[in-house]
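Structure below is start.txt: compact mmCIF, C-alpha atoms (C1' of nucleotides).
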# COMPACT_ATOMS: atom_id res chain seq x y z
CA MET A 1 50.94 176.13 -92.32
CA SER A 2 53.88 177.79 -94.01
CA THR A 3 54.15 178.11 -97.76
CA ILE A 4 56.75 175.33 -97.77
CA GLU A 5 54.40 172.99 -95.94
CA ILE A 6 51.52 173.90 -98.27
CA ILE A 7 53.68 172.98 -101.26
CA GLN A 8 54.65 169.68 -99.66
CA GLN A 9 51.02 168.97 -98.91
CA LEU A 10 50.08 169.55 -102.54
CA LYS A 11 52.93 167.45 -103.90
CA LYS A 12 52.07 164.61 -101.54
CA ASN A 13 48.64 164.53 -103.19
CA ASP A 14 49.95 164.65 -106.75
CA ILE A 15 48.96 168.26 -107.31
CA LYS A 16 51.41 170.52 -109.08
CA PRO A 17 52.00 173.45 -106.73
CA SER A 18 51.19 176.38 -109.01
CA LEU A 19 51.16 179.84 -107.49
CA GLN A 20 47.36 179.93 -107.62
CA ARG A 21 46.94 176.54 -105.95
CA VAL A 22 49.41 177.34 -103.21
CA SER A 23 47.73 180.67 -102.55
CA VAL A 24 44.22 179.26 -102.37
CA LEU A 25 45.13 176.33 -100.13
CA LYS A 26 47.23 178.57 -97.91
CA TYR A 27 44.37 181.03 -97.57
CA VAL A 28 41.83 178.35 -96.67
CA ASP A 29 44.30 176.72 -94.30
CA ASN A 30 45.01 179.98 -92.49
CA HIS A 31 41.41 181.16 -92.32
CA ARG A 32 39.33 178.64 -90.44
CA ASN A 33 36.18 180.76 -90.61
CA HIS A 34 34.73 178.72 -93.48
CA PRO A 35 35.39 181.17 -96.32
CA THR A 36 33.37 181.25 -99.53
CA VAL A 37 34.70 181.45 -103.08
CA ASP A 38 34.02 185.17 -103.11
CA GLU A 39 35.83 185.81 -99.85
CA ILE A 40 38.85 183.84 -101.02
CA TYR A 41 38.88 185.59 -104.38
CA ASN A 42 38.44 189.05 -102.91
CA GLU A 43 41.22 188.52 -100.39
CA LEU A 44 43.75 187.09 -102.82
CA SER A 45 42.88 189.28 -105.76
CA PRO A 46 44.70 192.47 -104.67
CA ASN A 47 48.03 190.62 -104.50
CA MET A 48 47.34 188.56 -107.62
CA PRO A 49 45.74 190.94 -110.09
CA THR A 50 45.39 188.35 -112.85
CA LEU A 51 43.72 185.76 -110.62
CA SER A 52 40.31 184.83 -111.92
CA LYS A 53 37.36 183.56 -109.96
CA THR A 54 37.19 180.59 -112.32
CA THR A 55 40.61 179.53 -111.12
CA VAL A 56 39.51 179.80 -107.51
CA TYR A 57 36.57 177.53 -108.36
CA ASN A 58 38.86 175.12 -110.20
CA VAL A 59 41.42 174.95 -107.41
CA LEU A 60 38.82 174.48 -104.69
CA LYS A 61 37.17 171.67 -106.62
CA LEU A 62 40.56 170.03 -107.12
CA LEU A 63 41.44 170.31 -103.44
CA TYR A 64 38.03 168.92 -102.51
CA ASP A 65 38.34 166.00 -104.93
CA LYS A 66 41.73 165.21 -103.45
CA HIS A 67 40.27 165.42 -99.93
CA LEU A 68 42.47 168.29 -98.81
CA ILE A 69 39.49 170.45 -97.86
CA GLN A 70 35.84 170.00 -96.92
CA MET A 71 32.98 171.49 -98.87
CA ILE A 72 30.30 172.80 -96.54
CA THR A 73 26.82 173.17 -98.02
CA ILE A 74 25.02 174.18 -94.86
CA ASP A 75 24.20 177.55 -96.39
CA ASN A 76 21.98 177.31 -99.43
CA LYS A 77 23.20 180.64 -100.72
CA GLN A 78 26.82 179.71 -101.30
CA VAL A 79 29.32 176.99 -100.59
CA HIS A 80 31.82 177.35 -97.75
CA PHE A 81 35.19 175.62 -97.45
CA ASP A 82 37.12 174.24 -94.54
CA ALA A 83 40.72 173.08 -94.44
CA ASP A 84 39.99 171.26 -91.20
CA ILE A 85 39.22 167.83 -92.60
CA LYS A 86 38.81 165.95 -89.34
CA HIS A 87 35.19 165.07 -88.62
CA HIS A 88 33.30 167.85 -86.93
CA ALA A 89 29.84 169.39 -87.15
CA HIS A 90 28.81 172.87 -88.21
CA PHE A 91 26.24 175.22 -86.76
CA ILE A 92 24.84 178.08 -88.84
CA CYS A 93 22.92 181.03 -87.49
CA LYS A 94 19.78 181.67 -89.50
CA TYR A 95 20.04 185.38 -88.76
CA CYS A 96 23.64 186.41 -89.28
CA GLY A 97 24.85 183.43 -91.31
CA LYS A 98 27.85 182.83 -89.07
CA ILE A 99 29.13 179.26 -89.09
CA ILE A 100 30.75 177.76 -86.01
CA ASP A 101 32.43 174.41 -85.42
CA LEU A 102 31.03 171.83 -83.03
CA ASP A 103 32.44 168.51 -81.98
CA ILE A 104 30.75 165.67 -83.76
CA PRO A 105 29.11 162.94 -81.69
CA GLU A 106 31.32 159.85 -81.89
CA CYS A 107 28.41 157.61 -82.78
CA ILE A 108 27.80 159.30 -86.12
CA ASN A 109 29.71 156.63 -87.95
CA ASN A 110 27.90 153.73 -86.29
CA ILE A 111 25.49 153.17 -89.11
CA ASN A 112 24.39 149.60 -88.79
CA ASN A 113 21.42 150.18 -90.95
CA GLU A 114 20.00 147.59 -93.27
CA LEU A 115 19.05 150.46 -95.57
CA LEU A 116 22.68 151.36 -96.10
CA ASN A 117 22.98 147.97 -97.68
CA LYS A 118 25.88 148.05 -100.11
CA ASN A 119 25.89 151.80 -100.58
CA GLN A 120 29.32 153.26 -99.95
CA ILE A 121 29.67 156.32 -97.72
CA GLN A 122 32.59 158.58 -98.58
CA GLU A 123 31.73 161.68 -96.64
CA THR A 124 29.66 162.69 -93.61
CA GLN A 125 28.31 166.14 -92.86
CA VAL A 126 26.42 167.13 -89.71
CA TYR A 127 24.67 170.47 -89.80
CA TYR A 128 22.84 172.26 -87.01
CA LYS A 129 20.77 175.33 -87.82
CA GLY A 130 19.44 177.80 -85.32
CA ILE A 131 20.13 181.14 -83.73
CA CYS A 132 23.49 182.10 -82.32
CA LYS A 133 23.71 183.65 -78.89
CA ASP A 134 24.45 187.12 -80.23
CA CYS A 135 21.40 187.13 -82.48
CA LEU A 136 19.24 185.68 -79.71
CA ILE A 137 19.89 188.86 -77.77
CA LYS A 138 19.69 191.27 -80.69
CA HIS A 139 16.57 189.88 -82.28
CA SER A 140 14.76 188.57 -79.22
CA ALA A 141 11.64 190.63 -79.96
CA LYS A 142 11.38 189.47 -83.54
CA ILE A 143 12.08 185.86 -82.60
CA GLU A 144 9.37 185.87 -79.91
CA LYS A 145 6.79 186.54 -82.57
CA ASN A 146 7.43 183.28 -84.40
CA MET B 1 -2.68 161.50 -96.06
CA SER B 2 -6.07 162.29 -97.54
CA THR B 3 -7.01 165.76 -98.72
CA ILE B 4 -9.18 166.16 -95.61
CA GLU B 5 -6.25 165.35 -93.34
CA ILE B 6 -3.97 167.71 -95.28
CA ILE B 7 -6.46 170.54 -94.76
CA GLN B 8 -6.68 169.76 -91.05
CA GLN B 9 -2.91 169.70 -90.83
CA LEU B 10 -2.69 173.15 -92.44
CA LYS B 11 -5.42 174.64 -90.27
CA LYS B 12 -3.80 173.26 -87.13
CA ASN B 13 -0.73 175.30 -88.06
CA ASP B 14 -2.63 178.51 -88.82
CA ILE B 15 -2.24 178.20 -92.58
CA LYS B 16 -5.26 178.93 -94.72
CA PRO B 17 -5.83 175.84 -96.85
CA SER B 18 -5.83 177.33 -100.32
CA LEU B 19 -6.00 174.97 -103.26
CA GLN B 20 -2.33 175.55 -104.04
CA ARG B 21 -1.18 174.93 -100.48
CA VAL B 22 -3.22 171.78 -100.13
CA SER B 23 -1.92 170.47 -103.45
CA VAL B 24 1.72 171.14 -102.68
CA LEU B 25 1.62 169.67 -99.17
CA LYS B 26 -0.35 166.68 -100.41
CA TYR B 27 2.16 166.07 -103.17
CA VAL B 28 5.15 166.26 -100.84
CA ASP B 29 3.38 164.10 -98.28
CA ASN B 30 2.54 161.42 -100.81
CA HIS B 31 5.93 161.41 -102.54
CA ARG B 32 8.63 160.57 -100.05
CA ASN B 33 11.38 160.57 -102.68
CA HIS B 34 12.58 164.07 -101.69
CA PRO B 35 11.12 166.03 -104.59
CA THR B 36 12.51 169.35 -105.82
CA VAL B 37 10.58 172.51 -106.63
CA ASP B 38 10.73 171.62 -110.30
CA GLU B 39 9.43 168.11 -109.79
CA ILE B 40 6.56 169.34 -107.67
CA TYR B 41 5.71 172.08 -110.15
CA ASN B 42 5.92 169.79 -113.16
CA GLU B 43 3.71 167.17 -111.56
CA LEU B 44 1.02 169.56 -110.34
CA SER B 45 1.06 171.90 -113.30
CA PRO B 46 -0.98 169.74 -115.73
CA ASN B 47 -3.93 169.64 -113.35
CA MET B 48 -3.51 173.25 -112.27
CA PRO B 49 -2.72 175.20 -115.42
CA THR B 50 -2.47 178.57 -113.70
CA LEU B 51 -0.11 177.35 -110.99
CA SER B 52 3.15 179.28 -111.00
CA LYS B 53 6.52 178.15 -109.84
CA THR B 54 6.71 181.22 -107.61
CA THR B 55 3.72 179.91 -105.70
CA VAL B 56 5.37 176.54 -105.28
CA TYR B 57 8.41 178.33 -103.83
CA ASN B 58 6.18 180.43 -101.58
CA VAL B 59 4.19 177.48 -100.28
CA LEU B 60 7.26 175.35 -99.63
CA LYS B 61 8.91 178.17 -97.71
CA LEU B 62 5.75 178.64 -95.67
CA LEU B 63 5.48 174.92 -94.89
CA TYR B 64 9.15 174.86 -93.93
CA ASP B 65 8.84 177.91 -91.69
CA LYS B 66 5.88 176.26 -89.95
CA HIS B 67 7.91 173.05 -89.57
CA LEU B 68 5.55 170.92 -91.67
CA ILE B 69 8.32 169.82 -94.01
CA GLN B 70 12.09 169.50 -94.00
CA MET B 71 14.35 171.37 -96.39
CA ILE B 72 17.19 169.13 -97.56
CA THR B 73 20.27 170.90 -98.88
CA ILE B 74 22.45 167.85 -99.40
CA ASP B 75 22.52 168.52 -103.13
CA ASN B 76 24.18 171.79 -104.03
CA LYS B 77 22.32 171.99 -107.31
CA GLN B 78 18.81 172.31 -105.93
CA VAL B 79 16.88 172.00 -102.71
CA HIS B 80 14.87 168.88 -101.92
CA PHE B 81 11.88 168.61 -99.61
CA ASP B 82 10.67 165.95 -97.23
CA ALA B 83 7.32 165.69 -95.48
CA ASP B 84 8.84 163.17 -93.08
CA ILE B 85 9.84 165.51 -90.28
CA LYS B 86 11.05 162.95 -87.79
CA HIS B 87 14.80 162.94 -87.42
CA HIS B 88 16.56 160.84 -90.01
CA ALA B 89 19.69 161.11 -92.12
CA HIS B 90 20.04 161.36 -95.88
CA PHE B 91 22.48 159.68 -98.22
CA ILE B 92 23.11 161.10 -101.68
CA CYS B 93 24.83 159.26 -104.51
CA LYS B 94 27.47 161.43 -106.16
CA TYR B 95 26.84 159.70 -109.47
CA CYS B 96 23.09 159.45 -109.96
CA GLY B 97 21.96 162.02 -107.40
CA LYS B 98 19.49 159.64 -105.76
CA ILE B 99 18.74 160.45 -102.12
CA ILE B 100 17.87 157.71 -99.68
CA ASP B 101 16.78 157.81 -96.04
CA LEU B 102 18.89 156.37 -93.25
CA ASP B 103 18.13 156.04 -89.59
CA ILE B 104 19.87 158.71 -87.59
CA PRO B 105 22.09 157.65 -84.70
CA GLU B 106 20.25 158.46 -81.47
CA CYS B 107 23.23 160.26 -80.03
CA ILE B 108 23.12 163.04 -82.60
CA ASN B 109 21.30 165.32 -80.21
CA ASN B 110 23.69 164.73 -77.32
CA ILE B 111 25.67 167.84 -77.87
CA ASN B 112 27.28 168.64 -74.58
CA ASN B 113 29.78 170.89 -76.17
CA GLU B 114 31.13 173.96 -74.50
CA LEU B 115 31.30 175.53 -77.94
CA LEU B 116 27.54 175.35 -78.33
CA ASN B 117 27.41 177.74 -75.42
CA LYS B 118 24.11 179.64 -75.55
CA ASN B 119 23.53 179.11 -79.26
CA GLN B 120 20.09 177.67 -79.90
CA ILE B 121 19.74 174.68 -82.22
CA GLN B 122 16.43 174.50 -84.08
CA GLU B 123 17.21 171.94 -86.72
CA THR B 124 19.62 169.06 -87.30
CA GLN B 125 20.63 167.63 -90.66
CA VAL B 126 22.87 164.61 -91.17
CA TYR B 127 24.13 164.04 -94.68
CA TYR B 128 26.14 161.14 -96.03
CA LYS B 129 27.62 161.39 -99.52
CA GLY B 130 29.02 158.51 -101.49
CA ILE B 131 28.18 156.01 -104.17
CA CYS B 132 25.00 153.96 -104.18
CA LYS B 133 25.20 150.25 -104.80
CA ASP B 134 23.76 150.51 -108.32
CA CYS B 135 26.36 153.07 -109.39
CA LEU B 136 29.12 151.09 -107.69
CA ILE B 137 28.42 148.32 -110.16
CA LYS B 138 27.79 150.49 -113.21
CA HIS B 139 30.76 152.79 -112.79
CA SER B 140 33.22 150.47 -111.10
CA ALA B 141 35.87 151.04 -113.79
CA LYS B 142 35.67 154.80 -113.58
CA ILE B 143 35.62 154.77 -109.80
CA GLU B 144 38.73 152.57 -109.61
CA LYS B 145 40.73 155.31 -111.29
CA ASN B 146 40.20 157.80 -108.47
C1' DG C 1 -12.78 197.07 -99.55
C1' DT C 2 -8.97 195.52 -97.12
C1' DG C 3 -5.51 192.31 -96.63
C1' DC C 4 -3.75 188.05 -97.98
C1' DT C 5 -2.53 185.10 -101.89
C1' DT C 6 -1.26 184.17 -106.44
C1' DG C 7 1.36 184.49 -110.71
C1' DC C 8 3.81 186.65 -114.42
C1' DA C 9 8.09 188.72 -115.90
C1' DA C 10 12.37 190.34 -114.89
C1' DA C 11 16.33 190.47 -112.11
C1' DT C 12 19.82 188.37 -109.31
C1' DC C 13 23.78 185.90 -108.48
C1' DG C 14 26.51 181.75 -107.51
C1' DT C 15 28.44 178.56 -110.49
C1' DT C 16 29.71 176.35 -114.94
C1' DT C 17 31.26 176.23 -119.64
C1' DG C 18 33.81 177.24 -124.01
C1' DC C 19 37.70 178.53 -125.58
C1' DA C 20 41.79 181.20 -126.31
C1' DA C 21 46.12 182.63 -124.02
C1' DT C 22 49.82 181.18 -121.16
C1' DA C 23 53.18 178.55 -118.62
C1' DG C 24 56.03 174.54 -117.58
C1' DC C 25 58.68 170.53 -118.75
C1' DG D 1 56.13 171.52 -129.01
C1' DC D 2 52.85 169.31 -126.10
C1' DT D 3 50.08 169.14 -122.14
C1' DA D 4 48.22 171.13 -118.19
C1' DT D 5 46.72 175.38 -116.22
C1' DT D 6 44.78 179.78 -116.20
C1' DG D 7 41.46 183.44 -117.12
C1' DC D 8 38.13 186.01 -119.68
C1' DA D 9 33.45 186.41 -121.22
C1' DA D 10 29.30 184.39 -121.83
C1' DA D 11 25.89 181.12 -120.51
C1' DC D 12 23.23 178.76 -117.19
C1' DG D 13 19.84 177.89 -113.90
C1' DA D 14 17.88 177.92 -109.36
C1' DT D 15 15.89 181.22 -106.61
C1' DT D 16 14.17 185.92 -105.47
C1' DT D 17 11.87 190.22 -106.23
C1' DG D 18 8.47 193.73 -107.82
C1' DC D 19 4.23 194.41 -108.71
C1' DA D 20 -0.30 193.87 -110.60
C1' DA D 21 -4.36 190.93 -110.60
C1' DG D 22 -7.40 187.90 -108.05
C1' DC D 23 -9.63 186.06 -104.06
C1' DA D 24 -11.80 185.67 -99.43
C1' DC D 25 -14.01 187.23 -95.46
Kindly return the structure encoded in the file as structure tokens.
Amino acid sequence: MSTIEIIQQLKKNDIKPSLQRVSVLKYVDNHRNHPTVDEIYNELSPNMPTLSKTTVYNVLKLLYDKHLIQMITIDNKQVHFDADIKHHAHFICKYCGKIIDLDIPECINNINNELLNKNQIQETQVYYKGICKDCLIKHSAKIEKN
Amino acid sequence: MSTIEIIQQLKKNDIKPSLQRVSVLKYVDNHRNHPTVDEIYNELSPNMPTLSKTTVYNVLKLLYDKHLIQMITIDNKQVHFDADIKHHAHFICKYCGKIIDLDIPECINNINNELLNKNQIQETQVYYKGICKDCLIKHSAKIEKN
DNA sequence: GTGCTTGCAAATCGTTTGCAATAGC
DNA sequence: GCTATTGCAAACGATTTGCAAGCAC
């Protein structure tokens, strides 16, 4: 999305389009590789010397609360973000940490479960963990051992 | 499971049944409320004064690596564990943090996705986030605002 | 006695918090 | 000027690491 569209997107969701907010959302929107706070901060920082990591945290939380981005907690080291908010699953490689998108099975929202009862679902995350094809080749010896 | 069965379970998976390992697995097996490292440590500690939290971490990692327990990362504050290793989904309440089990839709493993390619899935986690029925009542005013 | 296991203390590091400085209407 | 936003520095807290002591065969 262009800067103009990012600003419109923010306004539509009652978020004042400050320079920092526009920059963060634009970065996440243009980089669909599930960036982390650090990656976003490190990329934006050179062009915005006064930007603080706290602000990146604040903006991301705001965008998440307003449902403009997804928060991906597949990696227990750090949180990843995704501007693609349509339902889809994520696969993480246990070796290299790379996260890739997968289509989500349609049925995932068919929860006719008496346990769900009156509990209200707001968000669904599907995570697959395993070994990506590159690491399967590279680490085949080590993996055999397990 | 009884202590005897826990020991058999460990042996079957080539894990020496030390007192610490038996205690941790037994605790997780008998408490299906998705305990955290801290909960496990705090519960076992009184009866095992020399037990260290490091050991609890070590044992849980070992049990996870040997597929005796699930590691649940639905909560980005701390990791939860589950001795129920059959596929099922988890729901977490954003207000009280309670985690409940849900049946997993059968289809979740039907991933005929060209993106999956040659990547190897070892583990599947389905997480639902929302508001549990108790909190829906308690916090209805606050929730309305959003 | 050799190798595996345990446990203490310290370090690490992602994230949060308190609060002062700043910007926008 | 008042409120929302930003940003620095410090705190926090879950997890990891280094290493020495203990245990088992």
Using all atoms listed in the file, which residues of chain B come within 8 Å of chain C, and what is the closest atom pair for each, with the distance in Å to one decimal? Give it as CSV, sorted by chain and residue number.
residue,atom,partner,partner_atom,distance
B:Thr50,CA,C:DG7,C1',7.7
B:Leu51,CA,C:DG7,C1',7.3
B:Ser52,CA,C:DG7,C1',5.5
B:Thr54,CA,C:DG7,C1',7.0
B:Thr55,CA,C:DT6,C1',6.6
Item to complete: Neighbourhood query: residues within 8 Å of (7.1, 166.8, -104.4), file coordinates, counting only C-alpha atoms (C1' of nucleotides); return as a PyMOL selection string.
Response: chain B and resi 24+27-37+39-41+43+81
Least-squares fit on all C-alpha atoms, paired in order: put chain A onto chain B and return it as a compact mmCIF listing (two decimals) with C-alpha atoms, in the coordinates of the input.
# COMPACT_ATOMS: atom_id res chain seq x y z
CA MET A 1 -2.70 161.50 -96.12
CA SER A 2 -6.08 162.29 -97.60
CA THR A 3 -7.03 165.75 -98.76
CA ILE A 4 -9.20 166.15 -95.66
CA GLU A 5 -6.28 165.33 -93.39
CA ILE A 6 -3.99 167.70 -95.32
CA ILE A 7 -6.49 170.51 -94.79
CA GLN A 8 -6.72 169.73 -91.09
CA GLN A 9 -2.95 169.68 -90.86
CA LEU A 10 -2.73 173.12 -92.45
CA LYS A 11 -5.47 174.60 -90.28
CA LYS A 12 -3.84 173.21 -87.15
CA ASN A 13 -0.77 175.26 -88.06
CA ASP A 14 -2.67 178.46 -88.81
CA ILE A 15 -2.28 178.16 -92.56
CA LYS A 16 -5.28 178.93 -94.72
CA PRO A 17 -5.85 175.83 -96.85
CA SER A 18 -5.84 177.34 -100.34
CA LEU A 19 -6.02 174.98 -103.28
CA GLN A 20 -2.34 175.58 -104.06
CA ARG A 21 -1.19 174.93 -100.49
CA VAL A 22 -3.24 171.78 -100.17
CA SER A 23 -1.93 170.49 -103.48
CA VAL A 24 1.71 171.15 -102.70
CA LEU A 25 1.60 169.67 -99.20
CA LYS A 26 -0.37 166.68 -100.44
CA TYR A 27 2.15 166.08 -103.20
CA VAL A 28 5.15 166.26 -100.87
CA ASP A 29 3.36 164.11 -98.31
CA ASN A 30 2.54 161.42 -100.87
CA HIS A 31 5.93 161.42 -102.58
CA ARG A 32 8.62 160.56 -100.08
CA ASN A 33 11.38 160.58 -102.69
CA HIS A 34 12.57 164.05 -101.68
CA PRO A 35 11.11 166.03 -104.59
CA THR A 36 12.52 169.34 -105.80
CA VAL A 37 10.59 172.50 -106.61
CA ASP A 38 10.75 171.63 -110.29
CA GLU A 39 9.46 168.11 -109.80
CA ILE A 40 6.57 169.35 -107.68
CA TYR A 41 5.73 172.10 -110.15
CA ASN A 42 5.95 169.83 -113.18
CA GLU A 43 3.74 167.20 -111.58
CA LEU A 44 1.05 169.57 -110.36
CA SER A 45 1.10 171.91 -113.31
CA PRO A 46 -0.92 169.78 -115.78
CA ASN A 47 -3.89 169.67 -113.40
CA MET A 48 -3.48 173.29 -112.30
CA PRO A 49 -2.66 175.23 -115.45
CA THR A 50 -2.44 178.60 -113.70
CA LEU A 51 -0.08 177.37 -110.98
CA SER A 52 3.15 179.31 -111.00
CA LYS A 53 6.53 178.16 -109.82
CA THR A 54 6.69 181.23 -107.59
CA THR A 55 3.70 179.91 -105.69
CA VAL A 56 5.36 176.54 -105.27
CA TYR A 57 8.39 178.34 -103.82
CA ASN A 58 6.16 180.43 -101.56
CA VAL A 59 4.16 177.48 -100.28
CA LEU A 60 7.23 175.34 -99.63
CA LYS A 61 8.88 178.15 -97.70
CA LEU A 62 5.71 178.62 -95.66
CA LEU A 63 5.44 174.91 -94.89
CA TYR A 64 9.12 174.84 -93.93
CA ASP A 65 8.79 177.88 -91.67
CA LYS A 66 5.84 176.23 -89.97
CA HIS A 67 7.84 173.01 -89.58
CA LEU A 68 5.50 170.89 -91.67
CA ILE A 69 8.29 169.80 -94.02
CA GLN A 70 12.07 169.50 -94.00
CA MET A 71 14.33 171.34 -96.38
CA ILE A 72 17.17 169.12 -97.54
CA THR A 73 20.26 170.90 -98.85
CA ILE A 74 22.42 167.85 -99.37
CA ASP A 75 22.51 168.52 -103.10
CA ASN A 76 24.19 171.78 -103.99
CA LYS A 77 22.33 171.97 -107.26
CA GLN A 78 18.82 172.30 -105.89
CA VAL A 79 16.87 172.01 -102.69
CA HIS A 80 14.87 168.87 -101.91
CA PHE A 81 11.86 168.60 -99.60
CA ASP A 82 10.66 165.94 -97.25
CA ALA A 83 7.32 165.67 -95.49
CA ASP A 84 8.83 163.16 -93.10
CA ILE A 85 9.80 165.51 -90.30
CA LYS A 86 11.01 162.94 -87.79
CA HIS A 87 14.79 162.97 -87.40
CA HIS A 88 16.55 160.86 -89.97
CA ALA A 89 19.68 161.12 -92.10
CA HIS A 90 20.04 161.34 -95.86
CA PHE A 91 22.48 159.67 -98.20
CA ILE A 92 23.11 161.09 -101.67
CA CYS A 93 24.82 159.27 -104.50
CA LYS A 94 27.45 161.43 -106.14
CA TYR A 95 26.83 159.71 -109.46
CA CYS A 96 23.09 159.46 -109.94
CA GLY A 97 21.96 162.03 -107.37
CA LYS A 98 19.49 159.65 -105.74
CA ILE A 99 18.72 160.45 -102.11
CA ILE A 100 17.87 157.69 -99.66
CA ASP A 101 16.78 157.80 -96.03
CA LEU A 102 18.90 156.38 -93.23
CA ASP A 103 18.15 156.07 -89.56
CA ILE A 104 19.87 158.75 -87.57
CA PRO A 105 22.20 157.71 -84.75
CA GLU A 106 20.42 158.43 -81.46
CA CYS A 107 23.41 160.26 -80.04
CA ILE A 108 23.20 163.08 -82.57
CA ASN A 109 21.38 165.28 -80.13
CA ASN A 110 23.82 164.70 -77.27
CA ILE A 111 25.77 167.86 -77.84
CA ASN A 112 27.37 168.65 -74.54
CA ASN A 113 29.82 170.95 -76.13
CA GLU A 114 31.16 174.04 -74.47
CA LEU A 115 31.31 175.60 -77.93
CA LEU A 116 27.55 175.39 -78.28
CA ASN A 117 27.44 177.76 -75.37
CA LYS A 118 24.19 179.68 -75.53
CA ASN A 119 23.59 179.13 -79.23
CA GLN A 120 20.16 177.69 -79.87
CA ILE A 121 19.79 174.70 -82.20
CA GLN A 122 16.49 174.54 -84.05
CA GLU A 123 17.24 171.98 -86.70
CA THR A 124 19.65 169.09 -87.29
CA GLN A 125 20.63 167.64 -90.64
CA VAL A 126 22.88 164.61 -91.15
CA TYR A 127 24.13 164.04 -94.67
CA TYR A 128 26.15 161.14 -96.02
CA LYS A 129 27.62 161.38 -99.51
CA GLY A 130 29.02 158.51 -101.49
CA ILE A 131 28.17 156.01 -104.18
CA CYS A 132 25.00 153.97 -104.17
CA LYS A 133 25.17 150.25 -104.79
CA ASP A 134 23.75 150.52 -108.29
CA CYS A 135 26.34 153.06 -109.38
CA LEU A 136 29.12 151.09 -107.70
CA ILE A 137 28.39 148.31 -110.15
CA LYS A 138 27.76 150.48 -113.19
CA HIS A 139 30.72 152.78 -112.79
CA SER A 140 33.19 150.44 -111.12
CA ALA A 141 35.83 151.01 -113.80
CA LYS A 142 35.63 154.77 -113.60
CA ILE A 143 35.59 154.74 -109.81
CA GLU A 144 38.69 152.52 -109.64
CA LYS A 145 40.67 155.23 -111.37
CA ASN A 146 40.16 157.75 -108.59
Discussion item. Contacts from chain D to chain B, 10 Å maximum, all atoms listed in the file: show me the residue list as a list of chain:residue names.
Written reply: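 The answer, sorted by residue number, is D:DG13, D:DA14, D:DT15, D:DT16.
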Practice prompt. Could you please select, counting only C-alpha atoms, the residues of chain A within 6 Å of chain B and state them as an MDAnalysis selection string?
Written response: chainID A and resid 118:133
Would you export the selected residues with C-alpha atoms as a short mmCIF file (atom, residue, chain, number, x, y, z; two decimals), in the frame of the given file, please?
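File produced: selection.cif:
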data_model
loop_
_atom_site.label_atom_id
_atom_site.label_comp_id
_atom_site.auth_asym_id
_atom_site.auth_seq_id
_atom_site.Cartn_x
_atom_site.Cartn_y
_atom_site.Cartn_z
CA LYS A 118 25.88 148.05 -100.11
CA ASN A 119 25.89 151.80 -100.58
CA GLN A 120 29.32 153.26 -99.95
CA ILE A 121 29.67 156.32 -97.72
CA GLN A 122 32.59 158.58 -98.58
CA GLU A 123 31.73 161.68 -96.64
CA THR A 124 29.66 162.69 -93.61
CA GLN A 125 28.31 166.14 -92.86
CA VAL A 126 26.42 167.13 -89.71
CA TYR A 127 24.67 170.47 -89.80
CA TYR A 128 22.84 172.26 -87.01
CA LYS A 129 20.77 175.33 -87.82
CA GLY A 130 19.44 177.80 -85.32
CA ILE A 131 20.13 181.14 -83.73
CA CYS A 132 23.49 182.10 -82.32
CA LYS A 133 23.71 183.65 -78.89
#
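Here atom CA of Lys11 of chain A is placed at a distance of 21.0 Å from atom CA of Met71 of chain A.
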Discussion item. Rounded to one decimal, what separation in Å do you get between atom CA of Leu62 of chain A and atom CA of Lys16 of chain A?
Written reply: 11.0 Å
Discussion item. Please compute the atom CA of Ile7 of chain A-atom CA of Tyr64 of chain A distance, one decimal, in Å.
Written reply: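 Computing it gives 16.2 Å between the two atoms.
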Discussion item. With only C-alpha atoms (C1' of nucleotides) as the counted atoms, please give the residues lying no more than 9 Å from Ser23 of chain A, apart from itself and same-chain residues fewer than 3 positions off, as a ChimeraX atom specification.
Written reply: /A:3,6,18-20,26-28,44
